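Each remark here refers to the structure printed beneath this line.
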Amino acid sequence: MLQAATPLLDAKEMYLDRLRSKGYFIVERLAPTALVDRVSQELEPWFRDTPNCRGDFYGWNTTRFGAVLLKSRASHSLVLNELILAIMDDVLGPHCDWYQLNLSQGIRIHPGERRQAPHRDEEMWPCAKGRAEYLVNVMWALSDYTADNGATLLWPRSQFEPLSRELSEESAVIAAMPRGSALVYLGSVTHCGGANRSDAPRTGLIFSYSLGWLKQYENAFLTYPPQVAREFSKPIRDLLGYRIHRPNLGGYEGQDPAVLFETQSHTLAAVDAIPPAVAAELQAHYQKRAAGGGTAGHQGETTASRRVSSSG
């Protein structure tokens, strides 16, 4: 188990190596006690007032809720943790224009809850996997996690094997960790919530980060509409998706959706948002045509024109 006493960013490669090889790592007491206290205090009324889940996946004796960034302003510091974002830069960054916050969820497993079925969080996207990681989860411990109170179970290196719901608990690792710790694990690794055989609840907070071109688990624009998100910092708004993903994905009236913090007009000029390499191809295409080097019909189609969305 990795200790937070190590200079975190200097040890980033060590964390990445463990994440890629085993599928997870733990940093003990990554969040300061004062921050954990504040987040816990802000979320406690929501844990108290939210009804238990209903379903074999979410559980029948578990409390879950979203919209964490609205319910706990202190939680923003966890979302923007320097080490966590550095990990996302390396794992998710190469496969998208930018990565996003896929999910914010408070989870409290109450005494008597059974062990959750093994699963992978990337299952939410029904398409072929394996070429890149789709998401990375961060579970923040708001209480101590133990073998008896429902600590997360993970199956090391399971990301390299076919998914199975029938894995033995003996072959799993129990993510036991003290309050304030962070468990970071791939969306492709098999895991589950543990059974709570104790007499006290186990409380945690999940922030999940995914590739920016995927549909989010938690609909950020309903959860945090512009009138709410405008009160957040720009780094948080960016993670929620209030920015355009090149090429031309997720815009508002053809512009970066951050324009919604300035106007809600429906008469805006559409502005290109395309990667520099594609922009250079388009410029070369038109320069060639202007010089008389273009060809008629579909024979002149370029690689760039096939890749640019909403071509019209």
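Chain lettering (A, B, ...) mirrors the order of the structure tokens, residue numbering begins at 1 for each chain separately, and ligand numbering begins at 1 in order of display.
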Would you return as an MDAnalysis selection string the members of range 83-285 of chain A that DSSP assigns to helix (DSSP H, G or I) on this structure's backbone? chainID A and resid 83:91 93:95 121:124 158:160 169:171 220:223 226:229 234:240 257:261 276:285
Quick one: residues within 8 Å of Ala147 in chain A, only C-alpha atoms, excluding same-chain residues fewer than 5 positions away - as a PyMOL selection string? chain A and resi 174-176+194
Export, as a PDB file, in the first residue's frame, the selected residues with N, CA and C atoms.
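Result went into out-v5.pdb, see below:
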```
ATOM      1  N   ILE A 174      -8.889  -6.614  -0.669  1.00  0.00           N
ATOM      2  CA  ILE A 174      -9.805  -5.764   0.091  1.00  0.00           C
ATOM      3  C   ILE A 174      -9.171  -4.386   0.229  1.00  0.00           C
ATOM      4  N   ALA A 175      -9.862  -3.366  -0.258  1.00  0.00           N
ATOM      5  CA  ALA A 175      -9.318  -2.006  -0.226  1.00  0.00           C
ATOM      6  C   ALA A 175      -9.512  -1.390   1.161  1.00  0.00           C
ATOM      7  N   ALA A 176      -8.902  -2.003   2.162  1.00  0.00           N
ATOM      8  CA  ALA A 176      -8.939  -1.443   3.514  1.00  0.00           C
ATOM      9  C   ALA A 176      -8.054  -0.202   3.544  1.00  0.00           C
ATOM     10  N   GLY A 194     -18.150  -4.319  -0.881  1.00  0.00           N
ATOM     11  CA  GLY A 194     -18.129  -5.468   0.021  1.00  0.00           C
ATOM     12  C   GLY A 194     -19.375  -5.530   0.892  1.00  0.00           C
TER      13      GLY A 194
END
```
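CA of Ala74 in chain A to CA of Glu262 in chain A spans 25.9 Å [interatomic distance, one decimal].
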Please list as a VMD selection string every residue within 12 Å of Asp256 in chain A, counting only C-alpha atoms and excluding residues in the same chain fewer than 4 positions away. chain A and resid 238 241 to 252 260 to 263 268 to 274
Residue contacts of range 109-116 of chain A (6 Å, only C-alpha atoms) excluding same-chain residues fewer than 5 positions away, as a PyMOL selection string: chain A and resi 61-62+192-202
Residues near range 22-35 of chain A, anyone? I mean within 10 Å using only C-alpha atoms, not counting same-chain ones fewer than 6 positions away, as number ranges by chain. A: 1-6, 8, 14-16, 41, 74-75, 77-78, 81, 83, 136-142, 154-160, 175-190
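Considering the residues A:Leu101, A:Leu69, A:Leu92, A:Leu80 and counting only C-alpha atoms, Ser208 in chain A has its shortest atom-to-atom contact with A:Leu101.
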Which residues are close to Tyr99 in chain A, i.e. within 6 Å by only C-alpha atoms, leaving aside same-chain residues fewer than 6 positions away? Reply as a list in words. Ser210, Leu211 and Gly212 of chain A
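Among the candidate residues A:Lys234, A:His76, A:His95, A:Arg165, the one lying nearest to Phe207 in chain A is A:His76, with distances computed using only C-alpha atoms.
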Among range 61-249 of chain A, which ones does DSSP place in strand (DSSP E), written as number ranges by chain? A: 62-65, 99-109, 135-141, 153-154, 173-174, 182-186, 191-192, 202-211
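What separates CA of Ala258 in chain A from CA of Leu239 in chain A is a distance of 11.8 Å.
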With only C-alpha atoms as the counted atoms, please give the residues lying no more than 12 Å from Glu166 in chain A, apart from itself and same-chain residues fewer than 3 positions off, as number ranges by chain. A: 116-119, 155, 162-163, 169-172, 190-192
Could you take the residues named above and write them with N, CA and C atoms, as a compact mmCIF listing (two decimals), in the first residue's frame?
```
# COMPACT_ATOMS: atom_id res chain seq x y z
N GLN A 116 -21.85 -6.76 -3.25
CA GLN A 116 -22.31 -6.43 -4.59
C GLN A 116 -21.75 -7.45 -5.60
N ALA A 117 -22.43 -7.62 -6.71
CA ALA A 117 -21.95 -8.51 -7.77
C ALA A 117 -20.71 -7.91 -8.43
N PRO A 118 -19.70 -8.72 -8.74
CA PRO A 118 -18.53 -8.21 -9.46
C PRO A 118 -18.94 -7.57 -10.79
N HIS A 119 -18.30 -6.45 -11.12
CA HIS A 119 -18.64 -5.74 -12.35
C HIS A 119 -17.48 -4.83 -12.74
N TRP A 155 -10.23 -7.27 -8.05
CA TRP A 155 -9.51 -8.44 -8.53
C TRP A 155 -8.33 -7.96 -9.37
N PRO A 162 -11.35 -11.93 -19.40
CA PRO A 162 -12.78 -11.73 -19.68
C PRO A 162 -13.54 -11.47 -18.38
N LEU A 163 -14.59 -10.69 -18.47
CA LEU A 163 -15.40 -10.37 -17.31
C LEU A 163 -16.12 -11.60 -16.79
N GLU A 169 -14.13 -14.54 -3.63
CA GLU A 169 -13.71 -13.46 -2.76
C GLU A 169 -12.29 -13.69 -2.27
N GLU A 170 -11.87 -14.96 -2.20
CA GLU A 170 -10.51 -15.27 -1.74
C GLU A 170 -9.45 -14.72 -2.68
N SER A 171 -9.78 -14.56 -3.95
CA SER A 171 -8.80 -14.05 -4.91
C SER A 171 -8.83 -12.53 -5.05
N ALA A 172 -9.69 -11.88 -4.28
CA ALA A 172 -9.81 -10.42 -4.35
C ALA A 172 -8.90 -9.74 -3.34
N THR A 190 -12.25 -5.49 -12.58
CA THR A 190 -13.43 -6.04 -11.92
C THR A 190 -13.36 -5.73 -10.43
N HIS A 191 -14.49 -5.28 -9.88
CA HIS A 191 -14.54 -4.87 -8.48
C HIS A 191 -15.98 -4.95 -8.00
N CYS A 192 -16.19 -4.68 -6.73
CA CYS A 192 -17.54 -4.61 -6.18
C CYS A 192 -17.48 -4.03 -4.78
```
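Restricting the calculation to only C-alpha atoms, the smallest distance between Ala67 in chain A and any of A:Val173, A:Cys96, A:Leu222, A:Ile236 is found for A:Leu222.
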